[in-house]
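> Coordinates in upload.cif, mmCIF, C-alpha atoms, are listed below.
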data_structure
#
loop_
_atom_site.group_PDB
_atom_site.id
_atom_site.type_symbol
_atom_site.label_atom_id
_atom_site.label_comp_id
_atom_site.auth_asym_id
_atom_site.auth_seq_id
_atom_site.Cartn_x
_atom_site.Cartn_y
_atom_site.Cartn_z
ATOM 1 C CA MET A 262 -27.144 1.576 -1.206
ATOM 2 C CA THR A 263 -23.902 2.849 0.317
ATOM 3 C CA THR A 264 -22.153 5.862 -1.211
ATOM 4 C CA ILE A 265 -18.389 5.442 -1.485
ATOM 5 C CA ALA A 266 -15.724 7.913 -2.621
ATOM 6 C CA ILE A 267 -12.426 6.375 -3.715
ATOM 7 C CA VAL A 268 -9.603 8.914 -3.616
ATOM 8 C CA GLY A 269 -6.709 7.634 -5.667
ATOM 9 C CA PRO A 270 -7.848 5.351 -8.520
ATOM 10 C CA GLY A 271 -4.571 3.478 -8.899
ATOM 11 C CA ALA A 272 -4.226 -0.292 -8.905
ATOM 12 C CA ILE A 273 -5.606 -0.743 -5.373
ATOM 13 C CA GLY A 274 -8.387 1.816 -5.710
ATOM 14 C CA LEU A 275 -9.570 0.343 -8.998
ATOM 15 C CA CYS A 276 -9.598 -3.225 -7.678
ATOM 16 C CA ALA A 277 -11.485 -2.210 -4.538
ATOM 17 C CA GLY A 278 -13.845 -0.065 -6.600
ATOM 18 C CA ALA A 279 -14.635 -2.880 -9.033
ATOM 19 C CA ALA A 280 -15.556 -5.168 -6.135
ATOM 20 C CA LEU A 281 -17.766 -2.499 -4.572
ATOM 21 C CA LEU A 282 -19.489 -1.887 -7.902
ATOM 22 C CA ASP A 283 -20.114 -5.634 -8.100
ATOM 23 C CA SER A 284 -22.052 -5.282 -4.839
ATOM 24 C CA GLY A 285 -24.196 -2.454 -6.183
ATOM 25 C CA HIS A 286 -22.683 0.362 -4.129
ATOM 26 C CA ALA A 287 -22.628 3.903 -5.520
ATOM 27 C CA VAL A 288 -18.918 4.483 -6.155
ATOM 28 C CA THR A 289 -17.261 7.733 -7.226
ATOM 29 C CA PHE A 290 -13.581 7.825 -8.168
ATOM 30 C CA ALA A 291 -11.556 10.995 -7.610
ATOM 31 C CA GLY A 292 -8.227 11.300 -9.391
ATOM 32 C CA ARG A 293 -6.146 13.389 -11.748
ATOM 33 C CA GLN A 294 -7.671 12.064 -14.975
ATOM 34 C CA PRO A 295 -11.269 11.049 -15.749
ATOM 35 C CA PHE A 296 -12.153 7.634 -17.166
ATOM 36 C CA GLU A 297 -15.377 6.050 -18.416
ATOM 37 C CA TYR A 298 -14.885 2.443 -17.277
ATOM 38 C CA VAL A 299 -13.221 0.460 -14.532
ATOM 39 C CA THR A 300 -11.544 -2.513 -16.180
ATOM 40 C CA LEU A 301 -9.765 -5.309 -14.359
ATOM 41 C CA ARG A 302 -7.719 -7.638 -16.536
ATOM 42 C CA THR A 303 -5.958 -10.891 -15.741
ATOM 43 C CA GLU A 304 -3.529 -12.813 -17.923
ATOM 44 C CA GLU A 305 -6.605 -14.588 -19.356
ATOM 45 C CA GLY A 306 -8.461 -11.418 -20.338
ATOM 46 C CA VAL A 307 -11.059 -9.034 -18.907
ATOM 47 C CA PHE A 308 -12.189 -10.048 -15.408
ATOM 48 C CA ARG A 309 -14.439 -7.087 -14.524
ATOM 49 C CA ARG A 310 -15.652 -4.058 -16.459
ATOM 50 C CA HIS A 311 -18.020 -1.446 -15.048
ATOM 51 C CA PRO A 312 -19.094 2.040 -16.140
ATOM 52 C CA ALA A 313 -17.356 4.481 -13.813
ATOM 53 C CA LYS A 314 -18.336 7.750 -12.227
ATOM 54 C CA SER A 315 -15.018 9.574 -12.288
ATOM 55 C CA ILE A 316 -14.244 13.169 -11.372
ATOM 56 C CA VAL A 317 -11.172 15.370 -11.125
ATOM 57 C CA ASP A 318 -10.110 18.280 -8.921
ATOM 58 C CA GLY A 319 -11.696 16.812 -5.804
ATOM 59 C CA ARG A 320 -15.275 17.872 -6.614
ATOM 60 C CA LEU A 321 -16.753 15.207 -4.342
ATOM 61 C CA ALA A 322 -20.016 15.188 -2.437
ATOM 62 C CA PRO A 323 -20.038 13.816 1.138
ATOM 63 C CA ALA A 324 -20.174 10.009 1.123
ATOM 64 C CA ASP A 325 -20.885 7.250 3.626
ATOM 65 C CA TRP A 326 -17.336 5.972 3.175
ATOM 66 C CA VAL A 327 -14.126 7.496 1.864
ATOM 67 C CA LEU A 328 -11.445 5.025 0.757
ATOM 68 C CA VAL A 329 -8.024 6.673 0.629
ATOM 69 C CA CYS A 330 -6.098 4.623 -1.933
ATOM 70 C CA THR A 331 -3.334 7.034 -2.876
ATOM 71 C CA LYS A 332 0.295 6.140 -2.288
ATOM 72 C CA ALA A 333 1.329 7.126 1.235
ATOM 73 C CA HIS A 334 3.349 10.167 0.126
ATOM 74 C CA GLN A 335 0.424 11.452 -1.970
ATOM 75 C CA THR A 336 -1.957 11.725 0.989
ATOM 76 C CA ALA A 337 -1.355 15.397 1.745
ATOM 77 C CA GLY A 338 -1.861 16.281 -1.923
ATOM 78 C CA ALA A 339 -5.265 14.597 -1.850
ATOM 79 C CA ALA A 340 -6.373 16.415 1.309
ATOM 80 C CA ASP A 341 -8.932 18.651 -0.415
ATOM 81 C CA ALA A 342 -10.648 15.702 -2.096
ATOM 82 C CA ILE A 343 -10.708 13.734 1.152
ATOM 83 C CA ARG A 344 -12.167 16.643 3.119
ATOM 84 C CA ALA A 345 -14.818 17.315 0.469
ATOM 85 C CA ALA A 346 -16.099 13.739 0.741
ATOM 86 C CA ILE A 347 -16.474 13.814 4.523
ATOM 87 C CA GLY A 348 -19.805 14.736 6.052
ATOM 88 C CA PRO A 349 -21.700 13.817 9.202
ATOM 89 C CA GLY A 350 -21.437 10.064 9.678
ATOM 90 C CA THR A 351 -18.692 9.511 7.090
ATOM 91 C CA ARG A 352 -16.123 6.824 7.837
ATOM 92 C CA VAL A 353 -12.658 6.824 6.282
ATOM 93 C CA ALA A 354 -10.678 3.709 5.343
ATOM 94 C CA VAL A 355 -6.967 4.038 4.543
ATOM 95 C CA LEU A 356 -5.689 1.427 2.061
ATOM 96 C CA GLN A 357 -1.972 2.196 2.029
ATOM 97 C CA ASN A 358 1.437 0.781 2.836
ATOM 98 C CA GLY A 359 3.297 1.435 6.070
ATOM 99 C CA VAL A 360 2.162 1.502 9.684
ATOM 100 C CA GLU A 361 1.148 5.149 10.119
ATOM 101 C CA HIS A 362 -2.286 5.177 8.471
ATOM 102 C CA ALA A 363 -4.119 7.017 11.257
ATOM 103 C CA GLU A 364 -1.266 9.475 11.844
ATOM 104 C CA ARG A 365 -1.196 10.315 8.135
ATOM 105 C CA LEU A 366 -4.906 11.187 8.105
ATOM 106 C CA ALA A 367 -5.016 13.006 11.450
ATOM 107 C CA PRO A 368 -4.217 16.472 10.004
ATOM 108 C CA ILE A 369 -6.819 16.020 7.257
ATOM 109 C CA VAL A 370 -10.003 14.531 8.711
ATOM 110 C CA PRO A 371 -12.232 16.353 11.203
ATOM 111 C CA ALA A 372 -11.880 15.293 14.825
ATOM 112 C CA GLY A 373 -14.138 12.374 15.661
ATOM 113 C CA THR A 374 -14.228 10.959 12.123
ATOM 114 C CA PRO A 375 -13.718 7.174 12.323
ATOM 115 C CA VAL A 376 -10.500 6.188 10.533
ATOM 116 C CA VAL A 377 -10.004 2.517 9.615
ATOM 117 C CA PRO A 378 -6.415 1.478 8.772
ATOM 118 C CA VAL A 379 -6.345 -1.324 6.190
ATOM 119 C CA VAL A 380 -3.568 -3.794 5.394
ATOM 120 C CA VAL A 381 -3.762 -4.514 1.672
ATOM 121 C CA ASP A 382 -2.792 -7.691 -0.154
ATOM 122 C CA ILE A 383 -3.817 -7.040 -3.753
ATOM 123 C CA PRO A 384 -1.056 -7.726 -6.267
ATOM 124 C CA ALA A 385 -1.990 -5.556 -9.219
ATOM 125 C CA ALA A 386 -0.498 -3.029 -11.611
ATOM 126 C CA ARG A 387 -2.173 -0.019 -13.163
ATOM 127 C CA LEU A 388 -2.231 -0.234 -16.966
ATOM 128 C CA GLY A 389 -3.852 3.122 -17.713
ATOM 129 C CA HIS A 390 -6.675 5.412 -16.656
ATOM 130 C CA GLY A 391 -9.330 3.142 -15.158
ATOM 131 C CA GLU A 392 -7.528 -0.063 -16.131
ATOM 132 C CA VAL A 393 -5.514 -2.480 -14.021
ATOM 133 C CA LEU A 394 -3.833 -5.876 -14.335
ATOM 134 C CA TRP A 395 -4.983 -7.999 -11.391
ATOM 135 C CA ARG A 396 -3.038 -11.103 -10.377
ATOM 136 C CA GLY A 397 -5.840 -13.087 -8.817
ATOM 137 C CA ARG A 398 -5.544 -12.370 -5.084
ATOM 138 C CA ALA A 399 -7.373 -9.694 -3.094
ATOM 139 C CA GLY A 400 -7.252 -9.514 0.688
ATOM 140 C CA LEU A 401 -7.901 -6.674 3.141
ATOM 141 C CA LEU A 402 -7.330 -6.735 6.911
ATOM 142 C CA VAL A 403 -8.745 -4.324 9.503
ATOM 143 C CA GLN A 404 -8.892 -4.141 13.281
ATOM 144 C CA ASP A 405 -11.844 -6.018 14.775
ATOM 145 C CA ARG A 406 -13.933 -3.023 15.846
ATOM 146 C CA ASP A 407 -17.324 -1.682 14.834
ATOM 147 C CA ALA A 408 -15.998 0.480 11.996
ATOM 148 C CA GLY A 409 -13.690 -2.286 10.803
ATOM 149 C CA ARG A 410 -16.523 -4.803 10.683
ATOM 150 C CA ALA A 411 -18.690 -2.307 8.809
ATOM 151 C CA PHE A 412 -15.884 -1.906 6.267
ATOM 152 C CA CYS A 413 -15.687 -5.676 5.780
ATOM 153 C CA ALA A 414 -19.435 -5.813 5.199
ATOM 154 C CA LEU A 415 -19.014 -3.635 2.102
ATOM 155 C CA PHE A 416 -17.156 -6.472 0.362
ATOM 156 C CA VAL A 417 -19.342 -9.442 1.331
ATOM 157 C CA GLY A 418 -19.901 -11.687 -1.700
ATOM 158 C CA THR A 419 -17.222 -10.024 -3.841
ATOM 159 C CA PHE A 420 -13.854 -11.241 -5.127
ATOM 160 C CA VAL A 421 -12.189 -9.233 -2.317
ATOM 161 C CA THR A 422 -11.816 -10.973 1.041
ATOM 162 C CA ALA A 423 -12.054 -8.401 3.841
ATOM 163 C CA GLN A 424 -11.364 -9.677 7.348
ATOM 164 C CA ALA A 425 -11.391 -8.138 10.834
ATOM 165 C CA VAL A 426 -8.510 -9.377 13.021
ATOM 166 C CA ASP A 427 -7.632 -9.008 16.701
ATOM 167 C CA ASP A 428 -4.092 -7.656 16.217
ATOM 168 C CA LEU A 429 -3.828 -5.449 13.151
ATOM 169 C CA ALA A 430 -0.587 -3.830 14.365
ATOM 170 C CA THR A 431 1.271 -7.131 14.074
ATOM 171 C CA ARG A 432 -0.110 -7.678 10.566
ATOM 172 C CA MET A 433 0.999 -4.174 9.554
ATOM 173 C CA TRP A 434 4.537 -4.723 10.805
ATOM 174 C CA ARG A 435 4.720 -8.153 9.188
ATOM 175 C CA LYS A 436 3.906 -6.536 5.859
ATOM 176 C CA LEU A 437 6.526 -3.874 6.529
ATOM 177 C CA CYS A 438 9.022 -6.724 6.958
ATOM 178 C CA VAL A 439 8.287 -7.583 3.321
ATOM 179 C CA ASN A 440 8.267 -4.034 2.005
ATOM 180 C CA ALA A 441 11.182 -2.416 3.825
ATOM 181 C CA PRO A 442 13.998 -4.647 2.501
ATOM 182 C CA SER A 443 12.603 -5.480 -0.931
ATOM 183 C CA GLY A 444 11.659 -2.006 -2.115
ATOM 184 C CA ALA A 445 14.878 -0.409 -0.900
ATOM 185 C CA ILE A 446 17.173 -3.049 -2.350
ATOM 186 C CA LEU A 447 15.504 -3.216 -5.742
ATOM 187 C CA CYS A 448 15.453 0.559 -6.150
ATOM 188 C CA LEU A 449 19.038 1.085 -5.032
ATOM 189 C CA THR A 450 20.422 -1.686 -7.247
ATOM 190 C CA GLY A 451 18.089 -1.174 -10.201
ATOM 191 C CA ARG A 452 17.542 -4.932 -10.399
ATOM 192 C CA PRO A 453 14.570 -7.270 -9.772
ATOM 193 C CA MET A 454 14.434 -9.991 -7.109
ATOM 194 C CA GLU A 455 17.302 -11.986 -8.608
ATOM 195 C CA VAL A 456 19.582 -9.413 -6.966
ATOM 196 C CA PHE A 457 18.997 -11.118 -3.598
ATOM 197 C CA HIS A 458 21.394 -13.829 -4.767
ATOM 198 C CA ALA A 459 24.195 -11.314 -5.425
ATOM 199 C CA PRO A 460 27.076 -11.272 -2.898
ATOM 200 C CA GLY A 461 26.172 -9.451 0.319
ATOM 201 C CA ILE A 462 22.590 -8.572 -0.640
ATOM 202 C CA ALA A 463 20.954 -11.224 1.533
ATOM 203 C CA ASP A 464 23.018 -9.984 4.480
ATOM 204 C CA LEU A 465 21.798 -6.441 3.857
ATOM 205 C CA ALA A 466 18.179 -7.625 3.658
ATOM 206 C CA ARG A 467 18.572 -9.537 6.912
ATOM 207 C CA ALA A 468 19.996 -6.442 8.637
ATOM 208 C CA ILE A 469 17.013 -4.337 7.520
ATOM 209 C CA LEU A 470 14.660 -7.068 8.715
ATOM 210 C CA GLU A 471 16.330 -7.246 12.113
ATOM 211 C CA GLU A 472 15.881 -3.499 12.577
ATOM 212 C CA CYS A 473 12.269 -3.632 11.380
ATOM 213 C CA VAL A 474 11.463 -6.455 13.799
ATOM 214 C CA ALA A 475 13.172 -4.714 16.739
ATOM 215 C CA VAL A 476 11.278 -1.464 16.158
ATOM 216 C CA GLY A 477 8.012 -3.294 15.496
ATOM 217 C CA ARG A 478 8.315 -5.121 18.819
ATOM 218 C CA ALA A 479 8.877 -1.808 20.580
ATOM 219 C CA CYS A 480 5.677 -0.560 18.930
ATOM 220 C CA GLY A 481 3.713 -3.518 20.278
ATOM 221 C CA ALA A 482 3.814 -5.938 17.336
ATOM 222 C CA ALA A 483 4.162 -9.630 18.152
ATOM 223 C CA LEU A 484 7.127 -10.509 15.957
ATOM 224 C CA ASP A 485 9.413 -13.434 16.750
ATOM 225 C CA ASP A 486 12.718 -14.372 15.131
ATOM 226 C CA ASP A 487 10.923 -16.820 12.822
ATOM 227 C CA VAL A 488 9.566 -13.822 10.935
ATOM 228 C CA ILE A 489 13.090 -12.964 9.794
ATOM 229 C CA GLU A 490 13.935 -16.474 8.615
ATOM 230 C CA ALA A 491 10.609 -16.973 6.856
ATOM 231 C CA GLN A 492 10.900 -13.653 5.049
ATOM 232 C CA MET A 493 14.474 -14.331 3.954
ATOM 233 C CA GLN A 494 13.357 -17.648 2.477
ATOM 234 C CA GLY A 495 10.600 -15.801 0.641
ATOM 235 C CA PHE A 496 13.032 -13.284 -0.829
ATOM 236 C CA LEU A 497 15.443 -15.976 -1.999
ATOM 237 C CA ALA A 498 12.651 -18.107 -3.494
ATOM 238 C CA ALA A 499 11.132 -15.252 -5.518
ATOM 239 C CA ALA A 500 11.087 -15.478 -9.307
ATOM 240 C CA PRO A 501 14.232 -13.796 -10.700
ATOM 241 C CA GLY A 502 12.312 -11.193 -12.680
ATOM 242 C CA GLU A 503 9.797 -10.382 -9.943
ATOM 243 C CA THR A 504 9.482 -6.732 -8.903
ATOM 244 C CA ASN A 505 7.378 -4.755 -6.434
ATOM 245 C CA SER A 506 5.308 -1.586 -6.540
ATOM 246 C CA MET A 507 8.062 0.661 -5.166
ATOM 247 C CA PHE A 508 10.516 -0.527 -7.816
ATOM 248 C CA ASP A 509 7.873 -0.166 -10.530
ATOM 249 C CA ASP A 510 7.240 3.421 -9.433
ATOM 250 C CA TYR A 511 10.962 4.122 -9.481
ATOM 251 C CA LEU A 512 11.386 2.732 -12.997
ATOM 252 C CA ALA A 513 8.472 4.885 -14.133
ATOM 253 C CA GLY A 514 10.212 7.983 -12.754
ATOM 254 C CA HIS A 515 7.644 8.478 -9.983
ATOM 255 C CA GLU A 516 8.206 9.367 -6.351
ATOM 256 C CA THR A 517 8.411 6.211 -4.231
ATOM 257 C CA GLU A 518 7.130 5.197 -0.810
ATOM 258 C CA TRP A 519 10.582 5.106 0.778
ATOM 259 C CA ASP A 520 9.429 7.149 3.754
ATOM 260 C CA ALA A 521 6.441 4.927 4.598
ATOM 261 C CA ARG A 522 8.547 1.781 4.131
ATOM 262 C CA ASN A 523 11.981 2.759 5.470
ATOM 263 C CA GLY A 524 11.844 6.237 6.959
ATOM 264 C CA VAL A 525 9.300 4.973 9.469
ATOM 265 C CA ILE A 526 11.842 2.529 10.902
ATOM 266 C CA VAL A 527 14.184 5.421 11.624
ATOM 267 C CA ARG A 528 11.399 7.583 13.093
ATOM 268 C CA MET A 529 9.942 4.883 15.306
ATOM 269 C CA GLY A 530 13.389 3.675 16.279
ATOM 270 C CA ALA A 531 14.311 7.147 17.539
ATOM 271 C CA ARG A 532 11.009 7.385 19.404
ATOM 272 C CA HIS A 533 11.738 4.146 21.268
ATOM 273 C CA GLY A 534 15.485 4.614 21.709
ATOM 274 C CA ILE A 535 16.431 1.846 19.255
ATOM 275 C CA ASP A 536 19.471 2.396 17.054
ATOM 276 C CA VAL A 537 18.889 1.391 13.424
ATOM 277 C CA PRO A 538 22.238 2.109 11.729
ATOM 278 C CA VAL A 539 21.489 0.324 8.459
ATOM 279 C CA SER A 540 18.165 2.088 7.940
ATOM 280 C CA ARG A 541 19.717 5.443 8.903
ATOM 281 C CA ARG A 542 22.208 5.024 6.074
ATOM 282 C CA LEU A 543 19.708 3.750 3.524
ATOM 283 C CA VAL A 544 17.100 6.464 3.987
ATOM 284 C CA PRO A 545 19.194 9.373 2.623
ATOM 285 C CA LEU A 546 20.026 7.282 -0.453
ATOM 286 C CA LEU A 547 16.368 6.404 -0.997
ATOM 287 C CA SER A 548 15.255 9.998 -0.516
ATOM 288 C CA ALA A 549 17.724 11.110 -3.192
ATOM 289 C CA LEU A 550 16.370 8.705 -5.821
ATOM 290 C CA ARG A 551 14.366 10.547 -8.431
ATOM 291 C CA LEU A 552 14.841 8.878 -11.832
ATOM 292 C CA PRO A 553 15.718 5.359 -13.019
ATOM 293 C CA LEU A 554 19.376 4.470 -13.104
ATOM 294 C CA MET A 555 21.152 5.579 -16.266
ATOM 295 C CA LYS A 556 21.617 2.748 -18.769
ATOM 296 C CA ALA A 557 25.166 1.971 -19.764
ATOM 297 C CA VAL A 558 26.081 3.344 -23.180
#
Would you give me this structure, written as structure tokens?

Amino acid sequence: MTTIAIVGPGAIGLCAGAALLDSGHAVTFAGRQPFEYVTLRTEEGVFRRHPAKSIVDGRLAPADWVLVCTKAHQTAGAADAIRAAIGPGTRVAVLQNGVEHAERLAPIVPAGTPVVPVVVDIPAARLGHGEVLWRGRAGLLVQDRDAGRAFCALFVGTFVTAQAVDDLATRMWRKLCVNAPSGAILCLTGRPMEVFHAPGIADLARAILEECVAVGRACGAALDDDVIEAQMQGFLAAAPGETNSMFDDYLAGHETEWDARNGVIVRMGARHGIDVPVSRRLVPLLSALRLPLMKAV
């Protein structure tokens, strides 16, 4: 039986944890509030419910695997819990947005600890402590290496599909092409996906995409121009009331992942000598967002 510590029992951590509990692994959740059960709900009702071992304040014992499932900007705040769960032979998987998974963990994990970046495709929303609304899809992608394949093996036979791929960097940047325009635009306008049909918004989204693709290519991702057109079609075809996790966090008054989604384009652009004027202007606005837009009186 594999011991697994999940740091950050939000929507992603709870979904991954439920699947791992299905497989009989020994899972411990570390978060800010304790809970007795992990409950996954769908629109039809309860999908999974397991008793949970949940602790607070990072009082973790070393585990075989540590899954870092916090939001990207919460990583440093979870450093003590992550370090406590790492012992000889521990491997760390990072289930977060963005493209800087390994860089984010480098100041936290001991040298030589295997770190497995994970691209996550699990549409879900946290309903409360230990409870999540899952929307029926669960995919995880890792680089095809020994540690990545070992990570995939944890989920064999579960409702989560974990796959090792040859070119994870391209998959990470393709996801950033979804996240960078959509999160920024929804947060700055205070409107769901129907806003993409407002005058000028599609042009703004395309400009962000073009910068994301240019920087991604410089970073080694295989992104062609079709990525831009396909993503624009996806934005315009979205249900009018659809949102995303960054917008949901903003509406809840929480800090958002603007830096992992948009700040990274500016950072990587500067590193590779690529000017990204639209992203440079958006990032200060996103960094200044703290609370939902005031409602008209």
> Can you give me, as a PyMOL selection string, the residues this file yields under the PyMOL selection byres ((chain A and resi 422-430) around 7)?
chain A and resi 399-405+409-410+413+416+420-421+431-434+482
> Residues within 10 Å of Thr263 (chain A), please, as a ChimeraX atom specification. Count all atoms listed in the file; anything in the same chain fewer than 6 positions from it doesn't count.
/A:281,284-288,324-326,415
> With C-alpha atoms retained, could you export that selection as a CSV table (one decimal), in the coordinates of the input?

chain,number,residue,atom,x,y,z
A,281,LEU,CA,-17.8,-2.5,-4.6
A,284,SER,CA,-22.1,-5.3,-4.8
A,285,GLY,CA,-24.2,-2.5,-6.2
A,286,HIS,CA,-22.7,0.4,-4.1
A,287,ALA,CA,-22.6,3.9,-5.5
A,288,VAL,CA,-18.9,4.5,-6.2
A,324,ALA,CA,-20.2,10.0,1.1
A,325,ASP,CA,-20.9,7.2,3.6
A,326,TRP,CA,-17.3,6.0,3.2
A,415,LEU,CA,-19.0,-3.6,2.1
> Mind pulling up the distance from CA of Ala414 (chain A) to CA of Val360 (chain A)?
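Distance reported for this atom pair: 23.2 Å.
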> Could you pull the residues within 8 Å of Val539 (chain A), counting all atoms listed in the file, minus those fewer than 4 positions along the same chain, as a PyMOL selection string?
chain A and resi 468-469+472+543
> Show me, as a list in words, the residues that have an atom within 10 Å of Thr331 (chain A) when counting only C-alpha atoms, minus same-chain residues fewer than 4 positions from it.
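Non-adjacent residues within range: Ile267, Val268, Gly269, Pro270, Gly271, Ala272, Ile273, Gly274, Gly292, Gln335, Thr336, Ala337, Gly338, Ala339, Val355, Leu356, Gln357 and Asn358 of chain A.
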> Please produce a file of those selected residues containing C-alpha atoms, as a PDB file, keeping the file's coordinate frame.

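As a result, selection_24.pdb now contains:
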ATOM      1  CA  ILE A 267     -12.426   6.375  -3.715  1.00  0.00           C
ATOM      2  CA  VAL A 268      -9.603   8.914  -3.616  1.00  0.00           C
ATOM      3  CA  GLY A 269      -6.709   7.634  -5.667  1.00  0.00           C
ATOM      4  CA  PRO A 270      -7.848   5.351  -8.520  1.00  0.00           C
ATOM      5  CA  GLY A 271      -4.571   3.478  -8.899  1.00  0.00           C
ATOM      6  CA  ALA A 272      -4.226  -0.292  -8.905  1.00  0.00           C
ATOM      7  CA  ILE A 273      -5.606  -0.743  -5.373  1.00  0.00           C
ATOM      8  CA  GLY A 274      -8.387   1.816  -5.710  1.00  0.00           C
ATOM      9  CA  GLY A 292      -8.227  11.300  -9.391  1.00  0.00           C
ATOM     10  CA  GLN A 335       0.424  11.452  -1.970  1.00  0.00           C
ATOM     11  CA  THR A 336      -1.957  11.725   0.989  1.00  0.00           C
ATOM     12  CA  ALA A 337      -1.355  15.397   1.745  1.00  0.00           C
ATOM     13  CA  GLY A 338      -1.861  16.281  -1.923  1.00  0.00           C
ATOM     14  CA  ALA A 339      -5.265  14.597  -1.850  1.00  0.00           C
ATOM     15  CA  VAL A 355      -6.967   4.038   4.543  1.00  0.00           C
ATOM     16  CA  LEU A 356      -5.689   1.427   2.061  1.00  0.00           C
ATOM     17  CA  GLN A 357      -1.972   2.196   2.029  1.00  0.00           C
ATOM     18  CA  ASN A 358       1.437   0.781   2.836  1.00  0.00           C
TER      19      ASN A 358
END
> Check what the PyMOL selection byres ((chain A and resi 496-512) around 6) selects in the file above and give those residues as a PyMOL selection string.
chain A and resi 444+448+453-455+493-495+513-515+517+553
> Could you jot down the CA of Ala531 (chain A) to CA of Leu437 (chain A) separation for me, Å, one decimal place?
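Atom-to-atom, CA of Ala531 (chain A) to CA of Leu437 (chain A), that is 17.4 Å.
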> When you draw a straight line from CA of Ala479 (chain A) to CA of Gly359 (chain A), how long is it in Å?
15.9 Å
> If the PyMOL selection byres ((chain A and resi 289) around 9) is run on the structure shown, which residues does it catch, given as a list in words?
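Going through the file, the PyMOL selection byres ((chain A and resi 289) around 9) ends up selecting Thr264, Ile265, Ala266, Ile267, Val268, Gly278, Ala287, Val288, Phe290, Ala291, Ala313, Lys314, Ser315, Ile316 and Leu321 of chain A.
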> Taking all atoms listed in the file into account, which of A:Arg398, A:Glu361, A:Ala345, A:Arg541 comes nearest Cys480 (chain A)?
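Of all the options, A:Glu361 lies closest to Cys480 (chain A).
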> Just checking: using only C-alpha atoms, which residue out of A:Val393, A:Met529, A:Leu484, A:Ala445 ends up closest to Arg542 (chain A)?
A:Ala445
> Can you sort out the box for region 286-292 of chain A, edges along x, y and z, all listed atoms in, 4 Å on every side, with centre and edge lengths in Å to one decimal, as lines of an AutoDock Vina configuration file?

center_x = -15.5
center_y = 5.8
center_z = -6.8
size_x = 22.5
size_y = 18.9
size_z = 13.3
> From the options A:Pro375, A:Glu364, A:Val525, A:Lys332, which residue's atoms come nearest to Gly348 (chain A), counting only C-alpha atoms?
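When distances to Gly348 (chain A) are compared using only C-alpha atoms, the smallest one comes from A:Pro375.
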> Which one of A:Gly477, A:Gly534, A:Gly373, A:Gly319 sits closest to Lys436 (chain A) if you count all atoms listed in the file?
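The shortest atom-to-atom distance to Lys436 (chain A) comes from A:Gly477.
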> Could you check which of A:Arg320, A:Ala463, A:Cys330, A:Ile369 is closest to Arg344 (chain A), using all atoms listed in the file?
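Ranking A:Arg320, A:Ala463, A:Cys330, A:Ile369 by distance to Arg344 (chain A), first place goes to A:Ile369.
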> Between A:Arg406, A:Arg435, A:Arg551, A:His458, single out the one closest to Cys473 (chain A), counting all atoms listed in the file.
A:Arg435
> Please report as a Markdown table every residue of region 288-307 of chain A lying within 10 Å of region 378-391 of chain A, along with the nearest atom pair and their distance in Å (one decimal), using only C-alpha atoms.

| residue | atom | partner | partner_atom | distance |
| --- | --- | --- | --- | --- |
| A:Phe290 | CA | A:Gly391 | CA | 9.4 |
| A:Gly292 | CA | A:His390 | CA | 9.5 |
| A:Arg293 | CA | A:His390 | CA | 9.4 |
| A:Gln294 | CA | A:His390 | CA | 6.9 |
| A:Pro295 | CA | A:His390 | CA | 7.3 |
| A:Phe296 | CA | A:Gly391 | CA | 5.7 |
| A:Glu297 | CA | A:Gly391 | CA | 7.5 |
| A:Tyr298 | CA | A:Gly391 | CA | 6.0 |
| A:Val299 | CA | A:Gly391 | CA | 4.8 |
| A:Thr300 | CA | A:Gly391 | CA | 6.2 |
| A:Leu301 | CA | A:Gly391 | CA | 8.5 |
| A:Arg302 | CA | A:Leu388 | CA | 9.2 |
| A:Thr303 | CA | A:Ala385 | CA | 9.3 |
